[in-house]
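For reference, structure.pdb is printed below; it contains PDB, C-alpha atoms.
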MODEL        1
ATOM      1  CA  MET A   1     135.847 195.790  -6.405
ATOM      2  CA  ASN A   2     134.376 199.009  -7.723
ATOM      3  CA  GLU A   3     132.546 197.331 -10.598
ATOM      4  CA  VAL A   4     129.110 195.813 -10.314
ATOM      5  CA  ASN A   5     130.238 192.858 -12.476
ATOM      6  CA  HIS A   6     132.491 191.694  -9.638
ATOM      7  CA  SER A   7     129.412 190.818  -7.601
ATOM      8  CA  MET A   8     129.010 187.062  -7.106
ATOM      9  CA  VAL A   9     125.444 187.332  -5.790
ATOM     10  CA  TYR A  10     122.770 187.183  -8.501
ATOM     11  CA  GLU A  11     119.735 186.934  -6.256
ATOM     12  CA  PHE A  12     118.679 187.598  -2.680
ATOM     13  CA  VAL A  13     116.457 185.339  -0.604
ATOM     14  CA  PHE A  14     113.808 186.820   1.676
ATOM     15  CA  LEU A  15     113.295 185.091   5.015
ATOM     16  CA  GLY A  16     109.797 186.561   5.123
ATOM     17  CA  ILE A  17     107.809 187.849   8.059
ATOM     18  CA  SER A  18     107.090 184.622   9.919
ATOM     19  CA  SER A  19     107.818 180.906   9.586
ATOM     20  CA  SER A  20     104.403 179.969  10.998
ATOM     21  CA  TRP A  21     101.973 178.689   8.323
ATOM     22  CA  ALA A  22      99.022 180.049  10.295
ATOM     23  CA  MET A  23     100.596 183.510  10.402
ATOM     24  CA  GLN A  24     101.484 183.331   6.710
ATOM     25  CA  LEU A  25      97.888 182.407   5.828
ATOM     26  CA  PHE A  26      96.603 185.295   7.922
ATOM     27  CA  LEU A  27      99.054 187.692   6.273
ATOM     28  CA  LEU A  28      98.065 186.401   2.824
ATOM     29  CA  VAL A  29      94.363 187.085   3.355
ATOM     30  CA  PHE A  30      95.022 190.327   5.249
ATOM     31  CA  SER A  31      97.414 191.719   2.633
ATOM     32  CA  PHE A  32      95.257 190.695  -0.329
ATOM     33  CA  VAL A  33      92.076 192.280   1.090
ATOM     34  CA  PHE A  34      93.847 195.478   2.052
ATOM     35  CA  TYR A  35      95.705 195.737  -1.269
ATOM     36  CA  VAL A  36      92.414 195.456  -3.185
ATOM     37  CA  ALA A  37      91.057 198.237  -0.959
ATOM     38  CA  ILE A  38      94.183 200.326  -1.663
ATOM     39  CA  VAL A  39      93.787 199.953  -5.428
ATOM     40  CA  LEU A  40      90.033 200.610  -5.531
ATOM     41  CA  GLY A  41      90.048 203.462  -3.002
ATOM     42  CA  ASN A  42      92.951 205.394  -4.469
ATOM     43  CA  PHE A  43      91.821 204.889  -8.076
ATOM     44  CA  LEU A  44      88.363 206.178  -7.119
ATOM     45  CA  ILE A  45      89.891 209.326  -5.627
ATOM     46  CA  MET A  46      92.106 209.982  -8.669
ATOM     47  CA  PHE A  47      89.290 209.450 -11.178
ATOM     48  CA  THR A  48      86.906 211.648  -9.162
ATOM     49  CA  VAL A  49      89.386 214.545  -8.990
ATOM     50  CA  ILE A  50      90.339 214.213 -12.668
ATOM     51  CA  PHE A  51      86.814 214.056 -14.108
ATOM     52  CA  ASP A  52      85.002 216.449 -11.738
ATOM     53  CA  PRO A  53      85.814 220.098 -12.566
ATOM     54  CA  HIS A  54      84.501 221.184  -9.147
ATOM     55  CA  LEU A  55      87.513 219.485  -7.570
ATOM     56  CA  HIS A  56      90.175 221.166  -9.696
ATOM     57  CA  SER A  57      91.553 223.087  -6.730
ATOM     58  CA  PRO A  58      94.976 222.923  -5.008
ATOM     59  CA  MET A  59      93.775 220.832  -2.071
ATOM     60  CA  TYR A  60      92.211 218.101  -4.214
ATOM     61  CA  LEU A  61      95.085 218.069  -6.691
ATOM     62  CA  LEU A  62      97.457 217.441  -3.782
ATOM     63  CA  LEU A  63      95.136 214.728  -2.447
ATOM     64  CA  SER A  64      94.977 212.992  -5.838
ATOM     65  CA  ASN A  65      98.776 212.987  -5.971
ATOM     66  CA  LEU A  66      98.846 211.490  -2.474
ATOM     67  CA  SER A  67      96.561 208.703  -3.723
ATOM     68  CA  LEU A  68      98.840 208.091  -6.705
ATOM     69  CA  ILE A  69     101.915 207.896  -4.463
ATOM     70  CA  ASP A  70     100.186 205.593  -1.954
ATOM     71  CA  LEU A  71      99.110 203.269  -4.757
ATOM     72  CA  CYS A  72     102.605 203.157  -6.270
ATOM     73  CA  PHE A  73     104.354 202.860  -2.902
ATOM     74  CA  SER A  74     102.224 199.896  -1.883
ATOM     75  CA  SER A  75     102.498 198.237  -5.306
ATOM     76  CA  VAL A  76     106.295 198.125  -5.110
ATOM     77  CA  SER A  77     106.311 195.545  -2.311
ATOM     78  CA  VAL A  78     102.833 194.186  -1.443
ATOM     79  CA  PRO A  79     102.175 192.133  -4.639
ATOM     80  CA  LYS A  80     105.634 190.559  -4.297
ATOM     81  CA  MET A  81     104.967 189.826  -0.621
ATOM     82  CA  ILE A  82     101.611 188.205  -1.463
ATOM     83  CA  TYR A  83     103.259 186.135  -4.209
ATOM     84  CA  ASP A  84     106.056 184.984  -1.876
ATOM     85  CA  LEU A  85     103.564 183.843   0.766
ATOM     86  CA  PHE A  86     102.593 181.020  -1.636
ATOM     87  CA  TYR A  87     106.156 179.702  -1.885
ATOM     88  CA  GLU A  88     108.834 178.556   0.523
ATOM     89  CA  HIS A  89     111.676 179.918  -1.636
ATOM     90  CA  LYS A  90     111.248 183.694  -1.658
ATOM     91  CA  ALA A  91     113.851 185.196  -3.985
ATOM     92  CA  ILE A  92     114.451 188.402  -5.916
ATOM     93  CA  SER A  93     117.122 189.140  -8.497
ATOM     94  CA  PHE A  94     119.973 191.540  -7.781
ATOM     95  CA  LEU A  95     118.564 194.052 -10.290
ATOM     96  CA  GLY A  96     115.049 193.552  -8.945
ATOM     97  CA  CYS A  97     116.290 194.301  -5.453
ATOM     98  CA  LEU A  98     117.926 197.545  -6.586
ATOM     99  CA  MET A  99     114.761 198.535  -8.459
ATOM    100  CA  GLN A 100     112.666 197.901  -5.354
ATOM    101  CA  ILE A 101     114.973 200.100  -3.268
ATOM    102  CA  PHE A 102     114.839 202.797  -5.955
ATOM    103  CA  PHE A 103     111.040 202.990  -6.104
ATOM    104  CA  ILE A 104     110.438 202.578  -2.364
ATOM    105  CA  HIS A 105     112.693 205.511  -1.533
ATOM    106  CA  MET A 106     111.409 207.606  -4.431
ATOM    107  CA  PHE A 107     107.740 207.221  -3.502
ATOM    108  CA  GLY A 108     108.509 207.424   0.214
ATOM    109  CA  GLY A 109     110.562 210.613  -0.169
ATOM    110  CA  THR A 110     107.940 212.127  -2.471
ATOM    111  CA  GLU A 111     105.163 211.423   0.043
ATOM    112  CA  MET A 112     107.136 213.059   2.854
ATOM    113  CA  VAL A 113     107.488 216.294   0.893
ATOM    114  CA  LEU A 114     103.892 216.127  -0.350
ATOM    115  CA  LEU A 115     102.585 215.840   3.218
ATOM    116  CA  ILE A 116     104.477 219.041   4.045
ATOM    117  CA  SER A 117     102.926 220.680   0.955
ATOM    118  CA  MET A 118      99.473 219.605   2.110
ATOM    119  CA  ALA A 119     100.142 221.018   5.586
ATOM    120  CA  PHE A 120     101.219 224.296   3.951
ATOM    121  CA  ASP A 121      97.995 224.320   1.905
ATOM    122  CA  ARG A 122      95.902 223.864   5.076
ATOM    123  CA  TYR A 123      97.942 226.556   6.851
ATOM    124  CA  VAL A 124      97.233 229.084   4.102
ATOM    125  CA  ALA A 125      93.545 228.111   3.919
ATOM    126  CA  ILE A 126      92.994 228.463   7.682
ATOM    127  CA  CYS A 127      95.464 231.154   8.710
ATOM    128  CA  LYS A 128      95.386 233.348   5.570
ATOM    129  CA  PRO A 129      91.977 232.657   3.974
ATOM    130  CA  LEU A 130      91.762 236.016   2.168
ATOM    131  CA  HIS A 131      95.075 235.379   0.421
ATOM    132  CA  TYR A 132      94.506 231.675  -0.298
ATOM    133  CA  LEU A 133      93.751 232.007  -4.022
ATOM    134  CA  THR A 134      96.692 234.380  -4.448
ATOM    135  CA  ILE A 135      99.221 232.194  -2.632
ATOM    136  CA  MET A 136      97.934 228.772  -3.731
ATOM    137  CA  ASN A 137      97.606 229.689  -7.395
ATOM    138  CA  PRO A 138      97.953 227.034 -10.143
ATOM    139  CA  THR A 139     101.653 227.787 -10.564
ATOM    140  CA  MET A 140     102.359 227.304  -6.852
ATOM    141  CA  CYS A 141     100.341 224.088  -6.829
ATOM    142  CA  ILE A 142     102.301 222.673  -9.775
ATOM    143  CA  LEU A 143     105.595 223.720  -8.177
ATOM    144  CA  LEU A 144     104.694 221.935  -4.938
ATOM    145  CA  ILE A 145     103.744 218.735  -6.766
ATOM    146  CA  VAL A 146     106.720 218.738  -9.146
ATOM    147  CA  GLY A 147     109.057 219.715  -6.299
ATOM    148  CA  SER A 148     107.844 216.728  -4.247
ATOM    149  CA  TRP A 149     108.615 214.298  -7.072
ATOM    150  CA  VAL A 150     111.996 215.890  -7.825
ATOM    151  CA  ILE A 151     113.080 215.763  -4.178
ATOM    152  CA  GLY A 152     111.893 212.148  -3.955
ATOM    153  CA  LEU A 153     113.947 211.293  -7.061
ATOM    154  CA  ILE A 154     117.056 213.022  -5.711
ATOM    155  CA  HIS A 155     116.644 211.226  -2.390
ATOM    156  CA  THR A 156     116.431 207.766  -3.959
ATOM    157  CA  LEU A 157     119.315 208.390  -6.379
ATOM    158  CA  THR A 158     121.452 209.448  -3.415
ATOM    159  CA  GLN A 159     120.592 206.249  -1.580
ATOM    160  CA  LEU A 160     121.126 204.022  -4.602
ATOM    161  CA  ALA A 161     124.470 205.614  -5.474
ATOM    162  CA  PHE A 162     125.949 204.257  -2.225
ATOM    163  CA  VAL A 163     124.661 200.720  -2.813
ATOM    164  CA  VAL A 164     125.016 200.007  -6.527
ATOM    165  CA  ASN A 165     128.797 199.538  -6.409
ATOM    166  CA  LEU A 166     128.979 197.518  -3.202
ATOM    167  CA  PRO A 167     130.510 194.031  -3.599
ATOM    168  CA  PHE A 168     128.194 191.162  -2.668
ATOM    169  CA  CYS A 169     130.087 187.887  -2.598
ATOM    170  CA  GLY A 170     128.747 185.844   0.285
ATOM    171  CA  PRO A 171     125.520 185.882   2.318
ATOM    172  CA  ASN A 172     122.390 186.595   0.296
ATOM    173  CA  GLU A 173     119.575 186.157   2.857
ATOM    174  CA  ILE A 174     117.578 189.261   3.783
ATOM    175  CA  ASP A 175     115.578 188.921   6.990
ATOM    176  CA  SER A 176     112.616 190.843   5.621
ATOM    177  CA  PHE A 177     109.854 190.639   3.000
ATOM    178  CA  TYR A 178     111.336 193.289   0.712
ATOM    179  CA  CYS A 179     114.737 194.753  -0.133
ATOM    180  CA  ASP A 180     115.459 196.675   3.017
ATOM    181  CA  LEU A 181     118.379 199.063   2.506
ATOM    182  CA  PRO A 182     119.991 198.768   5.979
ATOM    183  CA  ARG A 183     119.832 194.950   5.908
ATOM    184  CA  LEU A 184     121.141 194.840   2.340
ATOM    185  CA  ILE A 185     124.155 196.993   3.200
ATOM    186  CA  ARG A 186     125.139 194.589   5.994
ATOM    187  CA  LEU A 187     125.425 191.752   3.436
ATOM    188  CA  ALA A 188     128.172 193.547   1.491
ATOM    189  CA  CYS A 189     131.692 192.116   1.522
ATOM    190  CA  ALA A 190     133.168 195.406   2.718
ATOM    191  CA  ASP A 191     133.363 197.685   5.722
ATOM    192  CA  THR A 192     130.023 199.508   5.598
ATOM    193  CA  TYR A 193     130.049 201.256   8.979
ATOM    194  CA  LYS A 194     130.395 204.750   7.470
ATOM    195  CA  LEU A 195     127.846 203.924   4.780
ATOM    196  CA  GLN A 196     125.314 202.807   7.381
ATOM    197  CA  PHE A 197     125.814 206.114   9.169
ATOM    198  CA  ILE A 198     125.217 208.066   5.929
ATOM    199  CA  VAL A 199     122.070 206.078   5.143
ATOM    200  CA  THR A 200     120.788 206.701   8.664
ATOM    201  CA  ALA A 201     121.446 210.416   8.343
ATOM    202  CA  ASN A 202     119.811 210.552   4.916
ATOM    203  CA  SER A 203     116.618 208.649   5.715
ATOM    204  CA  GLY A 204     116.207 208.541   9.480
ATOM    205  CA  LEU A 205     116.948 212.181  10.173
ATOM    206  CA  ILE A 206     114.925 213.337   7.157
ATOM    207  CA  SER A 207     111.945 211.440   8.582
ATOM    208  CA  MET A 208     112.423 213.051  11.998
ATOM    209  CA  VAL A 209     112.749 216.570  10.584
ATOM    210  CA  THR A 210     109.709 216.132   8.338
ATOM    211  CA  LEU A 211     107.611 214.799  11.217
ATOM    212  CA  PHE A 212     108.727 217.710  13.411
ATOM    213  CA  LEU A 213     107.778 220.266  10.735
ATOM    214  CA  LEU A 214     104.353 218.668  10.309
ATOM    215  CA  PHE A 215     103.701 218.762  14.049
ATOM    216  CA  ILE A 216     104.746 222.418  14.203
ATOM    217  CA  SER A 217     102.377 223.292  11.347
ATOM    218  CA  TYR A 218      99.487 221.438  13.010
ATOM    219  CA  VAL A 219     100.074 223.175  16.346
ATOM    220  CA  TYR A 220     100.240 226.583  14.639
ATOM    221  CA  ILE A 221      96.977 225.889  12.790
ATOM    222  CA  LEU A 222      95.234 224.888  16.037
ATOM    223  CA  VAL A 223      96.494 228.006  17.843
ATOM    224  CA  THR A 224      95.276 230.212  14.985
ATOM    225  CA  VAL A 225      91.851 228.545  14.951
ATOM    226  CA  GLN A 226      91.513 228.978  18.711
ATOM    227  CA  LYS A 227      92.284 232.695  18.478
ATOM    228  CA  HIS A 228      89.674 233.308  15.795
ATOM    229  CA  SER A 229      86.924 230.969  16.950
ATOM    230  CA  SER A 230      86.917 228.695  19.959
ATOM    231  CA  ASN A 231      83.839 226.883  18.577
ATOM    232  CA  SER A 232      85.817 225.730  15.540
ATOM    233  CA  LEU A 233      88.668 224.374  17.664
ATOM    234  CA  SER A 234      87.021 221.026  18.399
ATOM    235  CA  LYS A 235      86.276 220.447  14.712
ATOM    236  CA  ALA A 236      89.821 221.396  13.692
ATOM    237  CA  LEU A 237      91.261 219.244  16.476
ATOM    238  CA  SER A 238      89.199 216.259  15.313
ATOM    239  CA  THR A 239      90.368 216.677  11.725
ATOM    240  CA  LEU A 240      94.031 217.292  12.521
ATOM    241  CA  SER A 241      94.167 214.451  15.073
ATOM    242  CA  ALA A 242      93.171 212.049  12.296
ATOM    243  CA  HIS A 243      95.878 213.539  10.066
ATOM    244  CA  ILE A 244      98.450 213.245  12.851
ATOM    245  CA  THR A 245      97.522 209.575  13.342
ATOM    246  CA  VAL A 246      98.240 208.794   9.687
ATOM    247  CA  VAL A 247     101.469 210.806   9.763
ATOM    248  CA  VAL A 248     102.717 208.931  12.850
ATOM    249  CA  LEU A 249     101.828 205.571  11.261
ATOM    250  CA  PHE A 250     103.797 206.539   8.152
ATOM    251  CA  PHE A 251     106.885 208.065   9.788
ATOM    252  CA  GLY A 252     107.071 205.840  12.863
ATOM    253  CA  PRO A 253     108.253 202.656  11.084
ATOM    254  CA  CYS A 254     110.713 204.665   8.948
ATOM    255  CA  MET A 255     112.415 206.127  12.010
ATOM    256  CA  PHE A 256     112.370 202.743  13.759
ATOM    257  CA  VAL A 257     114.137 201.013  10.856
ATOM    258  CA  TYR A 258     116.817 203.673  10.360
ATOM    259  CA  LEU A 259     117.398 204.890  13.904
ATOM    260  CA  TRP A 260     116.741 201.824  16.091
ATOM    261  CA  PRO A 261     120.081 200.605  17.504
ATOM    262  CA  PHE A 262     119.097 196.900  17.370
ATOM    263  CA  PRO A 263     118.666 196.087  13.650
ATOM    264  CA  THR A 264     118.017 192.374  14.185
ATOM    265  CA  MET A 265     114.755 192.953  16.055
ATOM    266  CA  PRO A 266     111.954 191.194  14.110
ATOM    267  CA  VAL A 267     109.321 193.724  15.176
ATOM    268  CA  ASP A 268     110.406 196.157  12.444
ATOM    269  CA  LYS A 269     109.037 193.767   9.781
ATOM    270  CA  PHE A 270     105.560 193.971  11.308
ATOM    271  CA  LEU A 271     105.839 197.734  11.762
ATOM    272  CA  LEU A 272     106.661 198.197   8.084
ATOM    273  CA  ILE A 273     103.381 196.531   7.167
ATOM    274  CA  LEU A 274     101.840 199.743   8.512
ATOM    275  CA  ASP A 275     103.660 201.724   5.808
ATOM    276  CA  PHE A 276     102.933 199.383   2.909
ATOM    277  CA  VAL A 277      99.429 198.128   3.760
ATOM    278  CA  ILE A 278      97.676 200.126   6.500
ATOM    279  CA  THR A 279      98.624 203.750   5.750
ATOM    280  CA  PRO A 280      97.687 203.621   2.016
ATOM    281  CA  VAL A 281      94.219 202.449   3.117
ATOM    282  CA  LEU A 282      93.830 205.035   5.877
ATOM    283  CA  ASN A 283      94.909 208.009   3.754
ATOM    284  CA  PRO A 284      91.833 207.894   1.463
ATOM    285  CA  PHE A 285      89.475 207.621   4.444
ATOM    286  CA  ILE A 286      91.200 210.235   6.615
ATOM    287  CA  TYR A 287      91.971 212.857   3.971
ATOM    288  CA  THR A 288      89.241 212.293   1.388
ATOM    289  CA  PHE A 289      86.220 210.108   2.139
ATOM    290  CA  ARG A 290      85.298 212.192   5.202
ATOM    291  CA  ASN A 291      85.111 215.299   2.994
ATOM    292  CA  LYS A 292      81.524 216.300   2.083
ATOM    293  CA  GLU A 293      82.504 217.848  -1.244
ATOM    294  CA  MET A 294      84.370 214.694  -2.240
ATOM    295  CA  LYS A 295      81.398 212.515  -1.258
ATOM    296  CA  VAL A 296      79.072 214.598  -3.457
ATOM    297  CA  ALA A 297      81.549 214.427  -6.357
ATOM    298  CA  MET A 298      81.838 210.640  -6.021
ATOM    299  CA  ARG A 299      78.048 210.231  -6.071
ATOM    300  CA  ARG A 300      77.907 212.479  -9.123
ATOM    301  CA  LEU A 301      80.614 210.424 -10.880
ATOM    302  CA  ILE A 302      78.934 207.111 -10.031
ATOM    303  CA  SER A 303      75.549 208.379 -11.280
ATOM    304  CA  GLN A 304      77.174 209.567 -14.525
ATOM    305  CA  LEU A 305      78.819 206.190 -15.009
ATOM    306  CA  GLY A 306      75.482 204.492 -14.308
ATOM    307  CA  SER A 307      73.719 206.696 -16.870
ATOM    308  CA  SER A 308      76.405 205.983 -19.464
ATOM    309  CA  SER A 309      76.145 202.217 -18.911
ATOM    310  CA  LYS A 310      72.343 202.354 -19.405
ATOM    311  CA  ILE A 311      72.776 204.222 -22.704
ATOM    312  CA  LEU A 312      75.287 201.608 -23.910
TER     313      LEU A 312
ENDMDL
END

Would you mind giving the structure from this file in C-alpha cells?
Amino acid sequence: MNEVNHSMVYEFVFLGISSSWAMQLFLLVFSFVFYVAIVLGNFLIMFTVIFDPHLHSPMYLLLSNLSLIDLCFSSVSVPKMIYDLFYEHKAISFLGCLMQIFFIHMFGGTEMVLLISMAFDRYVAICKPLHYLTIMNPTMCILLIVGSWVIGLIHTLTQLAFVVNLPFCGPNEIDSFYCDLPRLIRLACADTYKLQFIVTANSGLISMVTLFLLFISYVYILVTVQKHSSNSLSKALSTLSAHITVVVLFFGPCMFVYLWPFPTMPVDKFLLILDFVITPVLNPFIYTFRNKEMKVAMRRLISQLGSSSKIL
C-alpha cells in the first residue's frame, strides 16, 4: 500500500462548478476574458520593469515578481477550466493532478511570502525613509525574492509528500474544477483523518498567520504616517485599503477551503475563482497601474516600441 504503483485510479473526473449550461457559458466567457487580461496585464508589467532602468528598484522588482507569480498561479488551473467547459467529461490524469497540486501550492505559498516582503518594503520606505537604500539594498531584495520562492517550494513539497503515496482504489470524482488537495485526500482508500488535520495546519493556519502579519504591518504603517503627517494619512489609507482588499480576496478563499468545517459546501468553488481569476487581474491595477512612475514608464516603453516598428 505504500507504493504508488498500487493505485488503481489512473485519472480523476472533475464535476465542475455548475451543471447549468447557462452558468457554464457565462463562466466560459468570463474566465476567457479575464485570463486574457491577466496575461496581457502581467506581461506588460514584467516587460516594463525589465526594460526600463528607472524601475530597477526593490519595490518594482518585487512587483514584477508578483506579476510573474500571478500569471503562473492562474495558468495552472484557468486554461484547464476553460477547456473543460467545452466538454461534459472533465478528466485529468493522476500525474497531472499531482502536478497541479504541486504548482498551485508552490505559487500560492510563494505569493504569501512575497506579499509579506512587499509589506516590509513599504514599512521601511515609510517608517525609515533615511535608511531605505541601506536596508533594501540589492542583496536584501534578492534574498527576499529567492526566499519567497524557496519557502513556496518547501511548502508544496511538504504537501505533496503526504499525498503521493496515498492509495486510490475507488472513487475518482472531484467536486471541483481543479485538483483540490482536501477533496483529493478524502478519495483515498485509507484513514486520512490525521492527514487532513496536518494539511489544515500547514495551509489554513499559514494563511491566517500571514494575513495577520500583513494587517499588523498595515496598521503600523498607518500609525506612523499619522504621527508624522496627518495630511498624508488619507492618501496612505486609500492606498493601503486597496492593498488590504486584494489581500483579503487572496487569503479569504484559502482559509475557507482549509478551515471551513463543512467541506461539501459548493460555495468554495465560486470563492476560489477569486484566487485564480479575479485577484491576478486586480493585483496589476491595485499595485502597479495606479502608480505614476509606472504609467510614465509604460508610455515610454510603448513609444519606443512604436518607434522601432516604424523603423522596421

Chain and number of each residue from the PyMOL selection byres ((chain A and resi 190) around 10), as a PyMOL selection string:
chain A and resi 1+166-169+185-189+191-193

Closest to Ile286 in chain A among A:Glu88, A:Tyr132, A:Val246, A:Leu63, using all atoms listed in the file?
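Looking only at the distances to Ile286 in chain A, the closest residue turns out to be A:Val246.
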
Considering only C-alpha atoms, tabulate each residue of range 190-249 of chain A that lies at most 12 Å from range 149-154 of chain A along with its nearest interatomic pair and the corresponding distance in Å to one decimal; arrange the rows by chain and ascending residue number and present them as JSON lines.
{"residue": "A:Asn202", "atom": "CA", "partner": "A:Ile154", "partner_atom": "CA", "distance": 11.3}
{"residue": "A:Ser203", "atom": "CA", "partner": "A:Gly152", "partner_atom": "CA", "distance": 11.3}
{"residue": "A:Ile206", "atom": "CA", "partner": "A:Gly152", "partner_atom": "CA", "distance": 11.6}

Mind giving me the straight-line distance from CA of Ala297 in chain A to CA of Leu143 in chain A in Å, one decimal?
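Computing it gives 25.8 Å between the two atoms.
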
Residues matched by the PyMOL selection byres ((chain A and resi 54) around 12) as a PyMOL selection string:
chain A and resi 48-53+55-61+293-294+296-298+300-301

For Trp21 in chain A, the nearest of the candidates A:Val219, A:Leu85, A:Leu305, A:Ile126, counting only C-alpha atoms
A:Leu85

Output the residue selection produced by the PyMOL selection byres ((chain A and resi 157-159) around 8) on the file above, formatted as a PyMOL selection string.
chain A and resi 102+105+153-156+160-163+199+202

Expressed in Å to a single decimal, how great is the separation between CA of Glu11 in chain A and CA of Met81 in chain A?
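Going from CA of Glu11 in chain A over to CA of Met81 in chain A, I get 16.1 Å.
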
Calculate how many Å separate CA of Cys179 in chain A from CA of Leu211 in chain A, rounding to one decimal.
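Taking CA of Cys179 in chain A as the start and CA of Leu211 in chain A as the end point, the length is 24.1 Å.
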
Give me the residues near range 67-76 of chain A as a VMD selection string, where near means some atom within 10 Å (using all atoms listed in the file) and where sequence neighbours in that chain fewer than 6 positions away do not count.
chain A and resid 35 38 to 46 61 99 to 108 110 to 111 114 149 178 273 275 to 281 283 to 284 287 to 288

Is there a way to get, as a ChimeraX atom specification, all residues within 9 Å of the point (118.1, 183.8, 1.5) in file coordinates, counting all atoms listed in the file?
/A:11-15,89-91,171-175

Just the selected residues (C-alpha atoms), exported as a CSV table (one decimal), in the coordinates of the input, please.
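In the end it all went to part35.csv:
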chain,number,residue,atom,x,y,z
A,11,GLU,CA,119.7,186.9,-6.3
A,12,PHE,CA,118.7,187.6,-2.7
A,13,VAL,CA,116.5,185.3,-0.6
A,14,PHE,CA,113.8,186.8,1.7
A,15,LEU,CA,113.3,185.1,5.0
A,89,HIS,CA,111.7,179.9,-1.6
A,90,LYS,CA,111.2,183.7,-1.7
A,91,ALA,CA,113.9,185.2,-4.0
A,171,PRO,CA,125.5,185.9,2.3
A,172,ASN,CA,122.4,186.6,0.3
A,173,GLU,CA,119.6,186.2,2.9
A,174,ILE,CA,117.6,189.3,3.8
A,175,ASP,CA,115.6,188.9,7.0

Please determine, counting all atoms listed in the file, which residue among A:Ile302, A:Leu274, A:Cys97, A:Leu66 has the shortest atom-to-atom distance to Met112 in chain A.
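Going through A:Ile302, A:Leu274, A:Cys97, A:Leu66 one by one, the smallest distance to Met112 in chain A is for A:Leu66.
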
Find the residue from A:Ala119, A:Cys141, A:Leu130, A:Gly204 that sits nearest to Ile221 in chain A; use only C-alpha atoms when measuring.
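Of A:Ala119, A:Cys141, A:Leu130, A:Gly204, the one nearest Ile221 in chain A is A:Ala119, counting only C-alpha atoms.
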
Taking all atoms listed in the file into account, name the residue in A:Lys128, A:Tyr87, A:Ser117, A:Val33 that is nearest to Met140 in chain A.
A:Ser117

So, with only C-alpha atoms as the atoms that count, which of A:Gly16, A:Leu133, A:Tyr10, A:Ile142 lies closest to Gly96 in chain A?
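Checking each of A:Gly16, A:Leu133, A:Tyr10, A:Ile142 against Gly96 in chain A, counting only C-alpha atoms, the winner is A:Tyr10.
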
Residue list as a ChimeraX atom specification for point (115.2, 205.6, 10.3), cut-off 8 Å, only C-alpha atoms:
/A:200,203-205,207,253-260
